[in-house]
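The structure file final.cif is reproduced below (mmCIF, C-alpha atoms and all ligand atoms).
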```cif
data_entry
loop_
_atom_site.label_atom_id
_atom_site.label_comp_id
_atom_site.auth_asym_id
_atom_site.auth_seq_id
_atom_site.Cartn_x
_atom_site.Cartn_y
_atom_site.Cartn_z
CA MET A 1 63.22 -8.26 32.32
CA THR A 2 61.53 -5.22 30.83
CA LYS A 3 58.09 -5.23 29.31
CA SER A 4 59.45 -4.03 25.95
CA ASP A 5 61.91 -6.95 25.66
CA PHE A 6 59.09 -9.32 26.45
CA GLN A 7 56.78 -7.79 23.84
CA GLU A 8 59.57 -7.76 21.27
CA ALA A 9 60.18 -11.46 21.99
CA VAL A 10 56.48 -12.22 21.50
CA ARG A 11 56.62 -10.39 18.15
CA VAL A 12 59.73 -12.33 17.04
CA PHE A 13 58.07 -15.62 18.04
CA ARG A 14 54.82 -14.81 16.20
CA GLU A 15 56.56 -13.66 13.03
CA GLY A 16 59.19 -16.43 12.84
CA GLY A 17 58.47 -19.58 10.85
CA SER A 18 61.56 -21.66 11.54
CA PHE A 19 63.49 -21.87 14.79
CA LEU A 20 66.83 -23.34 15.78
CA VAL A 21 66.60 -24.12 19.50
CA LEU A 22 69.73 -24.23 21.66
CA GLY A 23 70.36 -24.78 25.39
CA HIS A 24 73.63 -25.24 27.23
CA VAL A 25 76.34 -27.92 27.35
CA ASN A 26 75.87 -30.75 29.87
CA PRO A 27 72.13 -30.05 29.61
CA ASP A 28 70.04 -30.12 32.78
CA GLY A 29 66.29 -30.34 33.32
CA ASP A 30 65.76 -26.62 32.82
CA SER A 31 67.69 -26.48 29.55
CA LEU A 32 66.11 -29.67 28.15
CA GLY A 33 62.60 -28.95 29.45
CA CYS A 34 62.70 -25.52 27.81
CA MET A 35 64.07 -26.86 24.52
CA CYS A 36 61.39 -29.55 24.29
CA ALA A 37 58.65 -27.12 25.36
CA PHE A 38 59.74 -24.55 22.80
CA ARG A 39 59.76 -27.11 20.01
CA LEU A 40 56.24 -28.30 20.90
CA ALA A 41 54.94 -24.73 21.28
CA ALA A 42 56.35 -23.66 17.92
CA GLN A 43 54.92 -26.73 16.21
CA SER A 44 51.50 -26.13 17.77
CA MET A 45 51.49 -22.75 16.00
CA GLY A 46 52.40 -24.31 12.64
CA LYS A 47 56.10 -23.41 12.82
CA SER A 48 59.15 -25.64 12.58
CA ALA A 49 61.70 -25.96 15.38
CA VAL A 50 64.97 -27.91 15.41
CA PRO A 51 66.51 -28.43 18.88
CA VAL A 52 70.25 -29.07 19.04
CA SER A 53 72.40 -30.16 22.00
CA ALA A 54 76.06 -31.08 21.59
CA ASP A 55 75.78 -33.36 24.64
CA ALA A 56 73.39 -36.30 24.83
CA VAL A 57 70.13 -36.13 26.77
CA PRO A 58 70.69 -37.84 30.15
CA GLU A 59 68.58 -40.95 30.59
CA ASN A 60 66.34 -39.44 33.29
CA TYR A 61 65.16 -36.68 30.94
CA ARG A 62 64.33 -38.92 28.00
CA PHE A 63 60.66 -38.99 29.02
CA LEU A 64 60.34 -35.37 27.87
CA GLN A 65 58.14 -35.31 24.80
CA GLY A 66 60.30 -34.84 21.69
CA SER A 67 63.62 -35.27 23.50
CA GLU A 68 64.43 -37.97 20.93
CA HIS A 69 64.29 -35.23 18.26
CA ILE A 70 67.13 -33.25 19.81
CA LEU A 71 70.00 -33.37 17.31
CA ARG A 72 73.65 -33.49 18.37
CA GLU A 73 74.71 -31.09 15.60
CA ALA A 74 72.96 -28.29 13.76
CA PRO A 75 71.86 -29.39 10.27
CA SER A 76 74.43 -27.97 7.86
CA GLY A 77 73.30 -25.60 5.14
CA GLU A 78 69.88 -25.02 6.70
CA ARG A 79 68.76 -21.44 7.44
CA PHE A 80 66.45 -20.40 10.24
CA ASP A 81 64.38 -17.30 10.92
CA VAL A 82 65.25 -17.32 14.60
CA GLY A 83 67.95 -18.90 16.76
CA VAL A 84 66.50 -19.38 20.24
CA ILE A 85 68.97 -19.59 23.13
CA LEU A 86 67.53 -21.01 26.33
CA ASP A 87 69.01 -21.12 29.85
CA CYS A 88 72.54 -20.50 28.57
CA ASP A 89 75.07 -18.84 30.88
CA GLY A 90 77.30 -17.34 28.22
CA PRO A 91 78.20 -17.82 24.54
CA GLY A 92 80.98 -20.26 25.49
CA ARG A 93 78.40 -22.62 27.04
CA LEU A 94 76.28 -23.04 23.89
CA GLY A 95 78.18 -26.10 22.78
CA VAL A 96 77.76 -25.32 19.08
CA PRO A 97 80.21 -23.45 16.86
CA SER A 98 79.35 -19.73 16.73
CA GLU A 99 78.87 -19.97 12.92
CA VAL A 100 75.72 -21.95 13.64
CA LEU A 101 74.05 -18.77 14.89
CA GLU A 102 74.98 -17.10 11.61
CA SER A 103 72.51 -19.41 9.91
CA CYS A 104 69.75 -17.61 11.87
CA ALA A 105 68.40 -14.25 10.66
CA LYS A 106 67.82 -13.22 14.27
CA THR A 107 68.59 -14.51 17.74
CA LEU A 108 66.25 -14.55 20.73
CA GLU A 109 67.35 -15.45 24.24
CA PHE A 110 65.58 -16.42 27.45
CA ASP A 111 67.65 -16.82 30.59
CA HIS A 112 67.83 -16.34 34.34
CA HIS A 113 71.61 -16.52 34.96
CA PRO A 114 73.01 -13.28 36.39
CA GLY A 115 76.12 -11.45 35.19
CA VAL A 116 76.47 -13.12 31.81
CA GLU A 117 77.74 -11.60 28.55
CA ARG A 118 74.87 -11.56 26.01
CA VAL A 119 75.20 -11.33 22.26
CA SER A 120 71.66 -12.16 21.08
CA ASP A 121 69.44 -9.62 19.30
CA VAL A 122 66.41 -9.88 21.59
CA ARG A 123 66.99 -10.77 25.24
CA VAL A 124 64.48 -11.72 27.89
CA ILE A 125 66.60 -11.93 31.03
CA ASP A 126 65.26 -12.23 34.57
CA SER A 127 67.83 -13.18 37.18
CA SER A 128 65.09 -13.26 39.83
CA ALA A 129 63.37 -16.19 38.08
CA ALA A 130 64.14 -19.58 39.60
CA SER A 131 64.31 -21.23 36.18
CA THR A 132 64.10 -20.38 32.51
CA GLY A 133 61.05 -22.70 32.45
CA GLU A 134 59.18 -20.29 34.71
CA MET A 135 59.95 -17.43 32.30
CA LEU A 136 58.94 -19.48 29.28
CA TYR A 137 55.60 -20.30 30.91
CA GLU A 138 54.79 -16.58 31.24
CA PHE A 139 56.00 -16.05 27.70
CA PHE A 140 53.81 -18.79 26.23
CA VAL A 141 50.76 -17.45 28.08
CA GLU A 142 51.47 -13.98 26.67
CA ALA A 143 52.14 -15.33 23.17
CA GLY A 144 48.82 -17.21 23.15
CA VAL A 145 50.33 -20.71 23.01
CA ASN A 146 47.88 -23.46 23.90
CA ILE A 147 49.81 -25.13 26.74
CA THR A 148 49.13 -28.84 26.24
CA PRO A 149 49.84 -31.37 29.02
CA GLN A 150 53.04 -32.30 27.12
CA ILE A 151 54.29 -28.69 27.00
CA ALA A 152 53.31 -28.29 30.66
CA GLU A 153 55.26 -31.40 31.60
CA CYS A 154 58.40 -30.04 29.93
CA LEU A 155 58.08 -26.65 31.65
CA LEU A 156 57.26 -28.11 35.05
CA THR A 157 60.30 -30.40 34.74
CA ALA A 158 62.40 -27.28 34.13
CA ILE A 159 60.96 -25.59 37.22
CA ILE A 160 61.20 -28.68 39.43
CA THR A 161 64.82 -29.45 38.54
CA ASP A 162 66.13 -25.88 38.93
CA THR A 163 64.46 -25.56 42.34
CA GLY A 164 65.41 -29.06 43.58
CA CYS A 165 61.70 -29.91 43.89
CA PHE A 166 60.79 -26.49 45.29
CA ARG A 167 63.40 -26.78 48.05
CA PHE A 168 66.00 -24.19 47.01
CA SER A 169 66.16 -20.58 48.17
CA ASN A 170 65.29 -19.38 44.65
CA VAL A 171 61.62 -20.41 45.04
CA LYS A 172 59.35 -17.35 45.02
CA PRO A 173 55.59 -16.82 44.86
CA SER A 174 55.96 -16.41 41.07
CA THR A 175 57.62 -19.86 40.88
CA LEU A 176 54.64 -21.50 42.54
CA ARG A 177 52.19 -19.45 40.47
CA ALA A 178 53.84 -20.77 37.30
CA ALA A 179 53.83 -24.32 38.70
CA SER A 180 50.20 -23.93 39.69
CA GLY A 181 49.28 -22.70 36.20
CA LEU A 182 51.05 -25.72 34.70
CA LEU A 183 49.21 -28.11 37.02
CA GLU A 184 45.97 -26.62 35.68
CA CYS A 185 47.15 -27.70 32.23
CA GLY A 186 46.99 -31.31 33.36
CA VAL A 187 50.49 -32.36 34.36
CA SER A 188 51.61 -34.58 37.25
CA ILE A 189 54.37 -33.44 39.64
CA ASN A 190 54.59 -36.97 40.97
CA LYS A 191 55.37 -38.47 37.55
CA ILE A 192 58.12 -35.93 36.89
CA VAL A 193 59.70 -36.36 40.32
CA HIS A 194 59.59 -40.12 39.94
CA ARG A 195 61.28 -40.04 36.51
CA VAL A 196 63.89 -37.44 37.38
CA TYR A 197 64.81 -38.25 40.98
CA GLU A 198 63.48 -41.60 42.06
CA THR A 199 64.63 -43.69 39.17
CA ARG A 200 68.33 -44.44 39.13
CA THR A 201 70.18 -46.87 36.90
CA LEU A 202 72.17 -49.59 38.65
CA ALA A 203 75.38 -47.94 37.38
CA GLY A 204 74.15 -44.58 38.70
CA ALA A 205 73.52 -46.05 42.15
CA LYS A 206 77.00 -47.63 42.14
CA ILE A 207 78.76 -44.43 41.12
CA LEU A 208 76.85 -42.55 43.84
CA GLY A 209 78.15 -45.11 46.35
CA ALA A 210 81.70 -44.78 45.05
CA ALA A 211 81.56 -40.98 45.25
CA LEU A 212 80.14 -40.96 48.78
CA SER A 213 82.74 -43.43 50.01
CA SER A 214 85.39 -40.82 49.08
CA LEU A 215 83.71 -38.05 51.12
CA LYS A 216 86.02 -35.77 53.09
CA THR A 217 85.69 -32.44 54.82
CA SER A 218 88.04 -29.51 55.19
CA ALA A 219 88.00 -26.04 56.78
CA ASN A 220 86.68 -27.46 60.06
CA GLY A 221 83.87 -29.26 58.33
CA GLN A 222 82.65 -26.21 56.43
CA VAL A 223 83.62 -27.77 53.10
CA ALA A 224 82.55 -31.28 52.14
CA TYR A 225 83.96 -32.81 48.98
CA ALA A 226 84.01 -36.06 47.08
CA CYS A 227 85.61 -37.27 43.89
CA ILE A 228 84.91 -39.70 41.09
CA THR A 229 87.80 -41.17 39.11
CA GLN A 230 87.70 -42.65 35.62
CA GLU A 231 88.58 -45.98 37.20
CA GLN A 232 85.44 -45.83 39.37
CA MET A 233 83.35 -44.79 36.36
CA ALA A 234 84.63 -47.81 34.45
CA ALA A 235 84.10 -50.19 37.37
CA ALA A 236 80.49 -49.01 37.79
CA GLN A 237 79.99 -48.89 33.99
CA SER A 238 78.61 -45.45 34.59
CA ASP A 239 78.45 -42.47 32.23
CA GLU A 240 78.86 -38.78 33.05
CA ALA A 241 75.14 -38.06 33.08
CA GLU A 242 74.70 -40.51 35.95
CA THR A 243 76.87 -38.34 38.19
CA GLU A 244 74.36 -35.47 38.03
CA GLY A 245 72.85 -34.81 41.45
CA VAL A 246 75.62 -36.60 43.37
CA VAL A 247 76.91 -33.23 44.58
CA ASN A 248 73.64 -32.58 46.45
CA TYR A 249 74.42 -35.52 48.73
CA VAL A 250 77.88 -34.07 49.32
CA ARG A 251 76.36 -30.72 50.32
CA SER A 252 73.99 -32.42 52.76
CA VAL A 253 76.76 -33.25 55.25
CA ARG A 254 75.88 -31.45 58.48
CA GLY A 255 77.96 -28.32 59.03
CA ALA A 256 79.07 -28.07 55.40
CA ARG A 257 78.46 -24.67 53.86
CA VAL A 258 79.79 -25.87 50.50
CA GLY A 259 79.65 -29.26 48.83
CA ILE A 260 82.01 -29.99 45.96
CA LEU A 261 82.16 -32.93 43.57
CA PHE A 262 85.33 -33.45 41.52
CA ARG A 263 84.95 -35.74 38.52
CA GLU A 264 87.87 -36.89 36.41
CA ASN A 265 87.02 -36.63 32.69
CA THR A 266 88.25 -38.97 29.98
CA ASP A 267 90.46 -36.22 28.51
CA GLY A 268 92.29 -35.72 31.82
CA THR A 269 90.45 -32.51 32.75
CA THR A 270 88.39 -32.25 35.95
CA ARG A 271 84.73 -31.27 36.19
CA VAL A 272 83.91 -29.43 39.41
CA SER A 273 80.33 -29.03 40.68
CA LEU A 274 79.67 -26.72 43.61
CA ARG A 275 76.62 -26.39 45.87
CA SER A 276 76.45 -23.84 48.62
CA SER A 277 74.08 -22.87 51.35
CA ASP A 278 73.61 -19.72 53.44
CA ASN A 279 75.32 -16.63 52.10
CA LEU A 280 78.17 -18.14 50.14
CA ASP A 281 78.11 -17.49 46.41
CA ALA A 282 79.32 -20.66 44.64
CA SER A 283 79.34 -18.96 41.23
CA GLN A 284 82.19 -16.69 42.42
CA ILE A 285 84.43 -19.72 42.90
CA ALA A 286 83.34 -21.26 39.61
CA ARG A 287 84.13 -18.01 37.82
CA LEU A 288 87.69 -17.99 39.20
CA PHE A 289 88.22 -21.13 37.12
CA GLY A 290 86.37 -20.02 34.00
CA GLY A 291 82.99 -21.51 34.93
CA GLY A 292 79.75 -19.99 36.13
CA GLY A 293 76.29 -20.67 37.47
CA HIS A 294 74.13 -19.46 40.31
CA ARG A 295 74.76 -18.52 43.95
CA THR A 296 73.76 -21.95 45.22
CA ALA A 297 74.72 -24.13 42.25
CA ALA A 298 77.71 -23.57 40.02
CA GLY A 299 80.37 -25.46 38.11
CA CYS A 300 83.61 -25.24 36.17
CA THR A 301 86.02 -27.48 34.29
CA LEU A 302 89.73 -27.32 35.11
CA GLU A 303 92.40 -28.28 32.60
CA ARG A 304 94.23 -30.09 35.37
CA PRO A 305 94.37 -33.65 36.67
CA LEU A 306 92.06 -34.57 39.55
CA GLY A 307 94.57 -34.17 42.40
CA ASP A 308 95.73 -30.72 41.24
CA ALA A 309 92.16 -29.60 40.69
CA ILE A 310 91.13 -30.62 44.21
CA GLU A 311 94.07 -28.73 45.68
CA ALA A 312 93.44 -25.58 43.61
CA VAL A 313 89.70 -25.40 44.28
CA LEU A 314 89.94 -26.20 48.01
CA SER A 315 92.57 -23.53 48.51
CA ALA A 316 90.46 -20.99 46.59
CA VAL A 317 87.36 -21.89 48.62
CA GLN A 318 89.25 -21.50 51.88
CA LYS A 319 90.63 -18.09 50.93
CA TRP A 320 87.19 -16.97 49.92
CA MET A 321 85.59 -18.19 53.14
CA VAL A 322 88.02 -16.12 55.20
CA SER A 323 87.55 -13.00 53.07
MN MN B 1 68.33 -22.83 34.61
#
```
Rewrite the coordinates I just gave you, this time as structure tokens.
Amino acid sequence: MTKSDFQEAVRVFREGGSFLVLGHVNPDGDSLGCMCAFRLAAQSMGKSAVPVSADAVPENYRFLQGSEHILREAPSGERFDVGVILDCDGPGRLGVPSEVLESCAKTLEFDHHPGVERVSDVRVIDSSAASTGEMLYEFFVEAGVNITPQIAECLLTAIITDTGCFRFSNVKPSTLRAASGLLECGVSINKIVHRVYETRTLAGAKILGAALSSLKTSANGQVAYACITQEQMAAAQSDEAETEGVVNYVRSVRGARVGILFRENTDGTTRVSLRSSDNLDASQIARLFGGGGHRTAAGCTLERPLGDAIEAVLSAVQKWMVS
């Protein structure tokens, strides 16, 4: 992130009156926290902001202030001064048709994913940041936004979820400085952690159990994997959002350098979530199959049935471990 991009972004934010706010598909805490924070920040400065996510807000993020105002589709015919793209690892992950951005006079992007194609006009990119929320905190401070406890809660949720509660290797002094600044704004870590991690629906607990009962290892225990079928989803009455985080349990098997969760989708495709430890870059595997992400957390969707997808990904992971 260069100083000039940052200053240009501040100028675009100050001058804009109406904002269309976008995150990424299958939104996580960083994407949603940033979208809600941006909406509140813009409104606090007398501007309008319309957040749009093609996918629904998972239940455990519905406490974020204004999350109920996130639309599933961009309002047709409306024009915006600025389209804001947050935490999005590539144009294909926006989840809205590309014409939607044409309704914006300008586009402004904040992100921390490395190696991604960017098409926005003004880009604030920092692949060393642990979350986009951390970047947005610095941006709001610079832009003179009054960070209310509600805005702080959204941003701290972004930071907490992208660092796995400050446990991942992406945590840096700057991460804790941002978190510390947000705590000064009057937000509670405990409340966020409770809502995001310690509150599970009954269906979510059942689907976690089903996934873990399918756990297997390969490559002499270096790869742990589990799968969730549509039949199990139906039996648990679980939805896709409730499978978020299951992969972290898979990765926690002792000796596993990679944890993989395979989830059968209703359309017959397979969602693959990867978590790695030590020096293995999970995003390299995800990219082989058209996905992306970070070194330690990545994902992709394969246009193949579950069994084929498991075979293809496991064989790719094994080849890559040897190389
Ligand atoms: Mn992120």
I'd like the neighbourhood of Gly77 of chain A as JSON, numbers by chain, where a residue qualifies if any of its atoms comes within 12 Å (using only C-alpha atoms), though same-chain residues fewer than 3 positions away should be ignored. {"A": [73, 74, 80, 99, 100, 101, 102, 103, 104]}
Segment 244-246 of chain A: which residues within 8 Å, counting all atoms listed in the file, same-chain residues fewer than 3 positions away excluded, as a ChimeraX atom specification? /A:208,211,240-241,249-250,261
From the list A:Ser188, A:Ser131, A:Asn146, A:Gln7, which residue is nearest Ala42 of chain A when using all atoms listed in the file?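 Using all atoms listed in the file, the shortest distance to Ala42 of chain A belongs to A:Asn146.
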What is the distance between atom CA of Trp320 of chain A and atom CA of Lys216 of chain A, in Å to one decimal?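 Answer for the atom CA of Trp320 of chain A to atom CA of Lys216 of chain A separation: 19.1 Å.
For the residues A:Cys88, A:Ala286, A:Leu215, A:Ala298, ranking by smallest atom-to-atom distance to ligand MN 1 (chain B) using all atoms listed in the file places A:Cys88 first.
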Anything within 12 Å of (57.5, -35.1, 23.8): list those residues as an MDAnalysis selection string, counting only C-alpha atoms and sticking to the file's coordinates. chainID A and resid 32:41 43 61:70 148:155
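If one restricts the calculation to only C-alpha atoms and all ligand atoms, the set of residues situated within 8 Å of ligand MN 1 (chain B) consists of Asp28, Gly29, Asp30, Ser31, Asp87, Cys88, Asp111, His112, His113, Ala130, Ser131, Thr132, Gly133, Ala158 and Asp162 of chain A.
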Write out as AutoDock Vina command-line options an axis-aligned box for segment 243-249 of chain A: all of its atoms listed in the file, 8 Å added on each side, centre and edge lengths in Å with one decimal.
```
--center_x 74.9 --center_y -35.5 --center_z 43.4 --size_x 20.1 --size_y 21.8 --size_z 26.7
```
Please return as a ChimeraX atom specification every residue within 12 Å of (74.5, -37.6, 47.9), taking into account only C-alpha atoms and the file's own coordinates. /A:197,204-215,224-227,243-253,259-261,275
For the selection you just gave me, I'd like the residues written to a file as a short mmCIF file (atom, residue, chain, number, x, y, z; two decimals), in the frame of the given file, keeping C-alpha atoms.
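The new file part.cif reads:
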```cif
data_model
loop_
_atom_site.label_atom_id
_atom_site.label_comp_id
_atom_site.auth_asym_id
_atom_site.auth_seq_id
_atom_site.Cartn_x
_atom_site.Cartn_y
_atom_site.Cartn_z
CA TYR A 197 64.81 -38.25 40.98
CA GLY A 204 74.15 -44.58 38.70
CA ALA A 205 73.52 -46.05 42.15
CA LYS A 206 77.00 -47.63 42.14
CA ILE A 207 78.76 -44.43 41.12
CA LEU A 208 76.85 -42.55 43.84
CA GLY A 209 78.15 -45.11 46.35
CA ALA A 210 81.70 -44.78 45.05
CA ALA A 211 81.56 -40.98 45.25
CA LEU A 212 80.14 -40.96 48.78
CA SER A 213 82.74 -43.43 50.01
CA SER A 214 85.39 -40.82 49.08
CA LEU A 215 83.71 -38.05 51.12
CA ALA A 224 82.55 -31.28 52.14
CA TYR A 225 83.96 -32.81 48.98
CA ALA A 226 84.01 -36.06 47.08
CA CYS A 227 85.61 -37.27 43.89
CA THR A 243 76.87 -38.34 38.19
CA GLU A 244 74.36 -35.47 38.03
CA GLY A 245 72.85 -34.81 41.45
CA VAL A 246 75.62 -36.60 43.37
CA VAL A 247 76.91 -33.23 44.58
CA ASN A 248 73.64 -32.58 46.45
CA TYR A 249 74.42 -35.52 48.73
CA VAL A 250 77.88 -34.07 49.32
CA ARG A 251 76.36 -30.72 50.32
CA SER A 252 73.99 -32.42 52.76
CA VAL A 253 76.76 -33.25 55.25
CA GLY A 259 79.65 -29.26 48.83
CA ILE A 260 82.01 -29.99 45.96
CA LEU A 261 82.16 -32.93 43.57
CA ARG A 275 76.62 -26.39 45.87
#
```
Under the rule that only C-alpha atoms are counted, which of A:Ile189, A:Leu306, A:Ser273, A:Leu183 is the nearest residue to Thr229 of chain A? A:Leu306
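When all atoms listed in the file are used to compute distances to Arg167 of chain A, the closest of the residues A:Ser283, A:Ser277, A:Ser53, A:Thr301 turns out to be A:Ser277.
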Because the input lacks atoms here, generate N, CA and C atoms for segment 148-175 of chain A and report them as a short mmCIF file (atom, residue, chain, number, x, y, z; two decimals), in the frame of the given file.
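Saved the output as rebuild.cif:
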```cif
data_model
loop_
_atom_site.label_atom_id
_atom_site.label_comp_id
_atom_site.auth_asym_id
_atom_site.auth_seq_id
_atom_site.Cartn_x
_atom_site.Cartn_y
_atom_site.Cartn_z
N THR A 148 49.62 -27.46 26.16
CA THR A 148 49.13 -28.84 26.24
C THR A 148 49.75 -29.51 27.47
N PRO A 149 49.20 -30.65 27.90
CA PRO A 149 49.84 -31.37 29.02
C PRO A 149 51.30 -31.70 28.74
N GLN A 150 51.65 -31.96 27.46
CA GLN A 150 53.04 -32.30 27.12
C GLN A 150 53.96 -31.09 27.31
N ILE A 151 53.49 -29.92 26.83
CA ILE A 151 54.29 -28.69 27.00
C ILE A 151 54.42 -28.40 28.50
N ALA A 152 53.31 -28.56 29.21
CA ALA A 152 53.31 -28.29 30.66
C ALA A 152 54.28 -29.21 31.38
N GLU A 153 54.35 -30.46 30.95
CA GLU A 153 55.26 -31.40 31.60
C GLU A 153 56.72 -30.98 31.40
N CYS A 154 57.04 -30.51 30.20
CA CYS A 154 58.40 -30.04 29.93
C CYS A 154 58.74 -28.84 30.81
N LEU A 155 57.81 -27.87 30.87
CA LEU A 155 58.08 -26.65 31.65
C LEU A 155 58.13 -26.93 33.14
N LEU A 156 57.25 -27.80 33.61
CA LEU A 156 57.26 -28.11 35.05
C LEU A 156 58.53 -28.89 35.43
N THR A 157 59.02 -29.71 34.50
CA THR A 157 60.30 -30.40 34.74
C THR A 157 61.42 -29.38 34.90
N ALA A 158 61.39 -28.35 34.05
CA ALA A 158 62.40 -27.28 34.13
C ALA A 158 62.33 -26.61 35.50
N ILE A 159 61.13 -26.29 35.94
CA ILE A 159 60.96 -25.59 37.22
C ILE A 159 61.37 -26.50 38.39
N ILE A 160 60.90 -27.74 38.35
CA ILE A 160 61.20 -28.68 39.43
C ILE A 160 62.71 -28.90 39.57
N THR A 161 63.39 -29.10 38.45
CA THR A 161 64.82 -29.45 38.54
C THR A 161 65.67 -28.25 38.97
N ASP A 162 65.32 -27.04 38.52
CA ASP A 162 66.13 -25.88 38.93
C ASP A 162 65.81 -25.41 40.35
N THR A 163 64.76 -25.94 40.95
CA THR A 163 64.46 -25.56 42.34
C THR A 163 64.68 -26.75 43.27
N GLY A 164 65.24 -27.87 42.76
CA GLY A 164 65.41 -29.06 43.58
C GLY A 164 64.10 -29.48 44.22
N CYS A 165 63.05 -29.59 43.40
CA CYS A 165 61.70 -29.91 43.89
C CYS A 165 61.20 -28.86 44.87
N PHE A 166 61.32 -27.61 44.49
CA PHE A 166 60.79 -26.49 45.29
C PHE A 166 61.45 -26.38 46.67
N ARG A 167 62.71 -26.83 46.76
CA ARG A 167 63.40 -26.78 48.05
C ARG A 167 64.41 -25.65 48.13
N PHE A 168 64.90 -25.15 46.97
CA PHE A 168 66.00 -24.19 47.01
C PHE A 168 65.52 -22.79 47.38
N SER A 169 66.50 -21.94 47.73
CA SER A 169 66.16 -20.58 48.17
C SER A 169 65.67 -19.70 47.03
N ASN A 170 65.76 -20.20 45.78
CA ASN A 170 65.29 -19.38 44.65
C ASN A 170 63.77 -19.44 44.44
N VAL A 171 63.07 -20.27 45.22
CA VAL A 171 61.62 -20.41 45.04
C VAL A 171 60.91 -19.14 45.54
N LYS A 172 60.08 -18.58 44.67
CA LYS A 172 59.35 -17.35 45.02
C LYS A 172 57.87 -17.57 44.73
N PRO A 173 57.02 -16.66 45.19
CA PRO A 173 55.59 -16.82 44.86
C PRO A 173 55.37 -17.02 43.36
N SER A 174 56.15 -16.30 42.53
CA SER A 174 55.96 -16.41 41.07
C SER A 174 56.30 -17.82 40.58
N THR A 175 57.25 -18.49 41.26
CA THR A 175 57.62 -19.86 40.88
C THR A 175 56.41 -20.78 41.07
#
```
